[in-house]
Each structure stands twice: as C-alpha cells, then as structure tokens.
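This report refers to the structure that appears directly beneath it.
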Amino acid sequence: MKNNSKHSSTATRSLIALAIAGAFPLHAAMAQEAAPAVEAKAQPGQLETVIVTAQRRSENIKDVPMAITTLKGEKLDVLTSGGQDIRFLSGRSPSLNIESDYGRSFPRFYIRGQGNTDFDLNASQPVGLVVDDIVQESPMLKGFPVFDVDQVEVLRGPQGTLFGRNSPAGVIKFDSAKPVIGKTEGYATLGFGNYSAVNAEGAINLPISDTMAARVSVQSQNRDDRVHNNRPNAPTKDFEGYGDHAARLQLLVKPTRDFSALFNVHARDMDGSATLFRANIMKKGTNDIVDGFDYGTYDTDGGNKQTLKTKGASMRLRWDMEGVTLHSITGYETADFYSRGDVDGGFGAVFAPPMGPDYAGQKAFIPFPVETADVLPDHKQFTQEFRVESSNKGPLQWIGGLFYFSEDMQIDSIAYNSLAPGNPLTPDFSTQTQDTRSWAAFGSLNYTVSDKLKVRGGVRYTDDKKDFSARRLEGGKTAGPFMLDSSSTNVSWDLAGTYELDKDTNLFARIATGYRAPSMQGRLIFLWSVPSFAEAEKALSYEAGIKQDLFDKRARMSATVFQYRVKDKQLTATSGTINMNQLINADKVTGQGVELDFQANISESLRMTVGGSYNDTEIKDAGLYVQTCGNEGNTPNGSNGCSPTGVPGPFAYTQRLNGNPLPRAPKWQGNFTLRYSAAVANGEFYAYTDWAYRSTYNMFLYEAKEYKAKSLVEGGLRVGYKWDNYEVAAFARNITDKVQLVGAIDFNNLTGILNEPRTLGVQLKTTF
C-alpha cells in the first residue's frame with residue numbers, strides 16, 4: 001500500500017511535537033491558523049471523525065460543548081478479550097472508576113469522584129447508565145454484558161436536561177450495533193483461556209425484505225472455579241467460576257422513507273460466585289496483604305452462590321416530517337437476583353472456636369458469623385419518552401419532550417446459620433419494597449450566532465415520588481412495617497457554547513446543574529433497626545476546554561478543566577459491626593480537576609492513545625461523623641480493628657468527615673494504548689498493549705491505614721494476525737499478575753476484596 005510520503009515523514013518526525021502540542025494546544029492552534037488554508041480531505045493515516053449522540057443528535061464530537069470520551073471497535077474487543085464484565089471500562093476514560101462488592105453483578109460507577117458505595121439492592125447512583133436509549137436505573141440492570149456494541153460514550157458532568165433524573169455526575173451511554181437493510185453480514189469469535197475459560201460471541205445481520213432487517217447478537221462467557229475451600233463439610237467447596245450468557249434480537253422496520261421502527265428484545269442469565277470477602281488478609285497497621293496469603297485458597301464455613309436473570313424489550317419509533325422529527329421510545333426491564341456470601345470472610349467465631357484463617361504473625365478474630373443473602377424476587381421498570389426535534393437547516397435548532405419512569409421492586413435480606421450442620425436458613429429476615437413514579441418535561445435550544453460561535457441551553461422539570469416500606473421478622477416478632485414516602489420536584493438547566501478558533505480548534509464552556517432524587521434505605525438487621533432517608537442532592541458544575549485536530553488530523557486532543565459543588569450530597573455509611581448501611585447527607589461536597597484525551601496515528605504502523613485526569617474532591621460538613629473500624633470498641637483491645645488516621649469525632653471510635661475526599665475517588669488516573677502493525681504475507685500482524693493507572697483512595701468515608709487502597713497499574717497485551725476475513729490472537733489481561741486490595745468489609749476482622757489476577761488465552765474471529 002502506498003503512503004503519502006509528506007504526511008508519513010512529518011508524523012514520524014513529530015513525536016516530540018505531539019507532546020508539545022498536547023501541553024501547549026493554543027500555541028499549536030495559532031501556528032496552524034497562520035498557515036495557508038488547505039482544503040480538508042480524507043488522507044491515508046488521518047483519524048476518522050467521531051460521531052456522538054450526547055445531545056440526542058448525531059454530531060461531530062468536536063462540536064459538542066462537554067467532556068466526552070468514546071470507545072469502540074478494536075479497543076472494545078481488546079479490553080473484553082478475557083471475558084471481563086463491565087468493570088473493564090474502569091480507568092479507560094478520564095475520571096471514570098467502576099467497582100463492585102458483588103462481582104459480575106451490581107457495578108458501581110464513579111465519574112469525577114462522585115459515586116455511591118452503597119451495597120443495598122435499592123441503592124441509587126449519581127452516574128446514569130443508558131443502553132439503547134433506555135435508562136437502566138436498578139443496579140442489577142447496570143452490568144449487562146458488553147457485546148456487539150457500536151460505541152460507548154462517557155459523558156462527564158451533570159446531564160440533568162436531556163437525560164434527566166439521577167445523573168448529576170454524568171452518563172455512560174451504550175449503543176448496540178443496529179440492523180442494516182439489504183445486507184447480510186456478521187461475525188463470530190471463540191476464545192479459550194486459563195481456568196478452562198471458554199468465551200463465544202457472535203452476531204448476524206439478516207435482511208428480511210427491502211423494508212425489514214433483523215440482527216441477532218449472542219454472548220456466552222464461562223470459566224471454571226479457581227479458588228478452593230479446605231474446610232470440611234463446607235456448603236461451597238470451590239469458587240469464582242461462572243456461566244454468563246446474554247442475547248439481543250433487534251428488528252428494524254422501515255416501510256417508508258419517513259417512518260422507521262426498531263424493536264429490541266434482550267436477556268441475560270448469569271450463574272456463578274459472589275465476590276469473596278477474605279477475612280484477616282490485611283496486615284494490621286498497613287494496607288499490605290498479609291504474609292503467606294494464597295489467592296487459590298479461601299477457607300470459610302459459609303456458602304457462596306449468585307444468580308442473575310434480566311430481560312427487557314424496547315420499541316423506538318421515528319417519524320421524519322417536514323421541519324421536525326418525532327420520536328417515541330418505550331422500554332421495559334425486569335430483574336431476578338440472588339446472591340449469598342460469607343460476609344465475615346472466614347470460619348468460626350470468638351465464641352465458637354476455632355476461628356480463622358490465621359496467617360503468620362496475625363491471628364484471626366471473627367467477632368460473630370455473618371452469612372447472608374440478598375434477593376430481588378420482584379422488579380419491574382417501565383419508561384416512556386416522547387421527543388420532537390427540529391430538522392431544518394436554519395441557525396436555530398430545538399428539542400422538546402416528555403419522559404415517564406415507573407419502577408416497582410421488592411428486596412429480601414435473609415441469613416444462614418454458619419455454625420449449624422448444613423448451614424440452614426434462619427427464620428429471621430428483612431424485606432423492603434419501593435414504588436417509584438417520575439415524570440419530566442424537557443427542552444433544549446441550539447443557536448448558531450455566527451460562523452464561529454454556537455450556543456446551547458436546556459431546561460428540565462422533574463417530579464419524583466417514592467413510596468417505601470420495610471419490616472423485620474426476628475425470633476417470632478415483627479418490627480414494622482416502617483413507611484416512608486417522598487415527593488420532590490426539581491428544575492435542572494445547562495448553558496454551553498462552542499467557539500471555533502480555527503478550522504481545527506474549538507473552545508467550549510459549560511455550566512450545568514444536576515439532581516438526584518431522595519433515597520431510602522431499609523436494610524433492617526435487628527428489631528430495633530429503622531430505615532434511613534437522604535434528601536435530594538443538587539449539583540452545579542462549571543467546565544471549559546479545548547478540542548483540537550493536530551498534524552493534518554493525524555492526531556486529536558481534548559482537554560477540560562472543571563469545578564463542581566454538590567449540596568446535600570447523599571453518602572452511605574456502610575457496614576460496621578452489624579453489616580448495615582445508613583444514608584446521610586453532607587452539607588456540601590466540592591470537586592475540581594483536569595482531564596485529557598489524546599490520540600494519534602504516529603506513523604502507518606503505530607497508533608497511540610493517552611488519557612488522564614486529576615480529581616480533587618472534599619466533603620465539607622463540620623458536624624458530620626461516622627463510626628470507624630466496625631465500631632472497634634465492641635471488641636477486646638480493638639482486636640484486628642483498623643488504624644484510623646483522620647480527625648477523631650465527638651465520641652469514641654468515631655471520625656469527622658469534614659475535609660475527607662469522597663470514597664473510591666482516586667485523585668490521579670491515566671490510560672495508554674499503543675498499537676503496532678505490519679504487513680506480513682497476505683495479511684497483517686499486530687501487537688496492541690493497553691495500560692491503566694489509578695492512585696490511592698479511601699475505601700470508606702473515613703480514613704484508616706488498612707482502608708487506603710494502594711495505587712494500581714494494570715496492563716494488557718494482544719498479539720494477532722489478520723488475513724482475509726479471519727483473525728487469530730493471543731491475549732493477556734493484568735499481565736503483571738498484580739494482585740492487591742481494592743475494597744474491604746468494615747468488620748473487625750480486616751476483611752478484604754481483591755482485584756482479578758492474570759488472565760491468559762487465545763481467540764479466533766471470523767467476519768462475513
């Protein structure tokens with residue numbers, strides 16, 4: 001294949017210039033502006049234009065006045081090579097973190113430090129998730145496998161107008177590959193890995209007629225157990241295997257040029273292990289793993305099991321009329337979930353020795369056994385949106401619409417007797433129900449002031465209502481039902497502008513507000529427990545940045561600075577000696593930082609991406625405090641309790657939160673990819689490496705030596721060969737096999753949660 005020699009040599013000589021341009025983008029823009037204007041034409045080696053729908057219209061990402069990162073194509077294929085769940089996205093976009101206390105289900109999303117550590121199935125999150133235009137509100141819906149996806153968009157900052165409720169931190173948006181009329185095409189992949197992993201994925205586009213087409217997409221991810229339990233008579237002997245299967249069927253009907261209907265039916269069936277909570281693995285007084293720890297061993301007297309079934313359907317209708325386009329988007333989702341785990345993370349108890357596991361120099365301390373299961377026996381979500389938008393060519397463009405949301409759920413919390421033969425189910429349990437109804441009216445205006453300046457503004461009125469009930473049955477007695485209800489309204493708005501500095505450089509600025517509805521929590525552990533309630537939180541955010549094409553569109557850069565304030569921030573005081581959550585409001589939380597996205601075709605053979613972010617968050621509430629270390633005062637001499645480092649609170653074993661950062665919010669994050677390719681025989685050899693870094697963070701609201709997660713670097717490598725319509729590749733995820741603490745359970749036995757160890761495998765792919 002021939003090259004444009006001028007472009008190739010320029011790119012090869014410009015490695016240093018790329019770094020300079022990233023550090024001084026305005027200087028580079030001025031230099032380009034001074035050069036003679038050249039007609040923009042697609043050239044070999046140029047980056048493709050990225051089209052996003054962040055503002056509910058298809059637009060060039062450079063023209064959208066907000067911080068956005070997209071992932072698609074080969075990058076998604078690489079990151080999911082080993083059968084990773086949705087957490088593979090963590091750190092792959094600036095300011096994005098994803099973690100879970102449940103494993104492959106219940107992912108918790110954080111953008112710019114804002115998220116929710118709540119592990120209850122009723123938890124709301126300040127990061128919205130939208131899949132194929134349908135909001136996924138329940139945590140059980142948010143982990144749907146990522147396959148046959150056209151593009152992922154990470155929208156940072158409040159999305160309170162066009163995407164609505166419960167998105168004051170941002171939105172993650174998934175768009176599946178859609179059916180195409182008149183074309184038969186598809187792909188199939190088959191992968192094999194360590195721990196007997198077998199992963200299969202495929203899709204086929206089927207033209208039915210000249211007005212109809214269907215697309216069928218399937219995925220199956222399977223892995224054997226890799227952790228063994230040496231305890232005799234344990235209800236579960238092996239852990240961390242799973243079978244995770246999902247499918248999507250779409251039907252596109254387009255009888256006329258002016259009307260189309262897209263139907264979507266999808267389902268997931270996952271059966272595997274819950275996250276392993278490992279007792280006594282934190283070396284007291286440090287955030288190190290204890291000496292003698294073995295990843296492949298988990299000695300416990302509790303059972304472990306997790307199943308999740310979800311299904312849903314949507315109908316998207318579109319009418320193109322003269323000057324306007326009408327949309328109707330209807331969605332239905334349901335989930336059925338069961339997760340059982342040994343929360344104390346070990347065996348025995350202080351009153352039922354022996355207890356363990358023990359490690360060199362650190363004896364186990366299990367204050368009491370806790371083996372529980374959370375069940376979602378009933379869940380239904382219905383959404384309906386009507387939207388109308390202008391489709392003329394004038395300087396004024398607008399969008400207006402109505403949105404309705406309905407969700408009904410029941411959550412049961414049950415327990416097992418770990419010390420009795422067979423671990424029988426106890427008669428004590430808690431149950432909670434919640435019915436949510438919400439509606440909104442929204443509108444947005446885009447106006448082209450001049451050839452250089454475009455402004456946008458939006459507003460949304462939201463009305464939320466929740467009815468909540470919780471009760472506890474224990475020892476033949478009943479507490480409750482405790483009834484809570486809330487009714488709240490909110491007006492969210494945003495104002496933004498884009499200024500074209502030159503043909504390759506846009507400056508943007510945005511002011512936006514966001515809102516999260518009141519939350520209720522009823523995880524009742526004892527008869528004297530009562531539900532907790534958190535008022536609505538409201539966010540105000542400022543951001544400004546630059547989006548720039550460099551080196552004749554062989555490189556692209558986006559940089560953003562931001563600052564936000566959240567009033568009545570909803571936080572969760574988790575765990576403690578009774579393994580419960582309590583909702584609280586902080587008077588104010590602030591955040592500020594910078595974000596960078598950069599990508600470049602360095603030469604014909606080398607492609608690179610670099611991203612990074614700095615997030616400085618702070619809780620500001622002089623009167624707010626929480627218990628520390630599982631309320632260590634309840635144990636003799638603070639046995640195996642943690643080592644607090646923050647400002648003590650007004651009572652023993654408490655800590656003030658004023659000045660603390662948000663939990664699970666690393667200050668620094670970075671990501672890097674490099675792809676090398678070369679023509680070999682009649683095909684292409686390639687090597688692709690990707691790396692993600694995050695700095696330390698507090699696992700909980702308070703600060704302690706043990707609960708300060710270490711910084712983490714994880715990398716991947718994929719080496720392959722493509723020819724005709726075939727591809728064969730070998731891959732590794734977490735190639736350094738770095739295993740460390742990423743989370744904890746706030747009991748008095750230093751119970752930790754670990755990241756995934758190294759995954760190795762091979763993959764075959766064919767397209768047609």
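Order determines the names: the first chain of the structure tokens is A, the second B, and so forth; residues in each chain are numbered 1 upward, and ligands are numbered 1 upward as they are shown.
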Could you go through range 161-370 of chain A and tell me which residues DSSP, when run on the backbone, assigns to strand (DSSP E or B), listing them as an NGL selection string? :A and (170-176 or 185-193 or 197-209 or 212-223 or 227-228 or 238-239 or 242-256 or 259-272 or 278 or 282 or 289 or 297 or 305-321 or 324-342 or 347-349 or 352-356 or 359 or 362)
Applying 10 Å and only C-alpha atoms, which residues near Ala213 in chain A remain after dropping the ones on its own chain fewer than 5 positions away? List them as a PyMOL selection string. chain A and resi 178-184+205-208+250-254+262
Quick one: distance from CA of Glu48 in chain A to CA of Val149 in chain A in Å, one decimal?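 Here the two named atoms are 17.9 Å from each other.
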Quick one: everything within 7 Å of Gln384 in chain A, counting only C-alpha atoms, minus sequence neighbours fewer than 6 positions away in the same chain. Send it as number ranges by chain. A: 329-331, 403-405
Next, write the just-selected residues to a file, as a PDB file, in the first residue's frame, keeping C-alpha atoms as the atom set.
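Result written to again_6.pdb:
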ATOM      1  CA  ILE A 329     -39.146   5.388  22.964  1.00  0.00           C
ATOM      2  CA  THR A 330     -40.781   2.704  25.111  1.00  0.00           C
ATOM      3  CA  GLY A 331     -38.812   0.407  27.401  1.00  0.00           C
ATOM      4  CA  PHE A 403     -40.499  11.426  29.943  1.00  0.00           C
ATOM      5  CA  TYR A 404     -42.187   8.949  32.309  1.00  0.00           C
ATOM      6  CA  PHE A 405     -40.465   6.469  34.637  1.00  0.00           C
TER       7      PHE A 405
END
Within 7 Å of Gly593 in chain A using only C-alpha atoms, minus same-chain residues under 5 positions, as a list in words: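 Close residues of Gly593 in chain A: Val561, Phe562, Gln563, Tyr614, Asn615 and Asp616 of chain A.
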Pick from A:Val216, A:Leu583, A:Met140, A:Val589 nearest to Glu535 in chain A, counting only C-alpha atoms: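 The answer is A:Leu583, which sits nearest to Glu535 in chain A.
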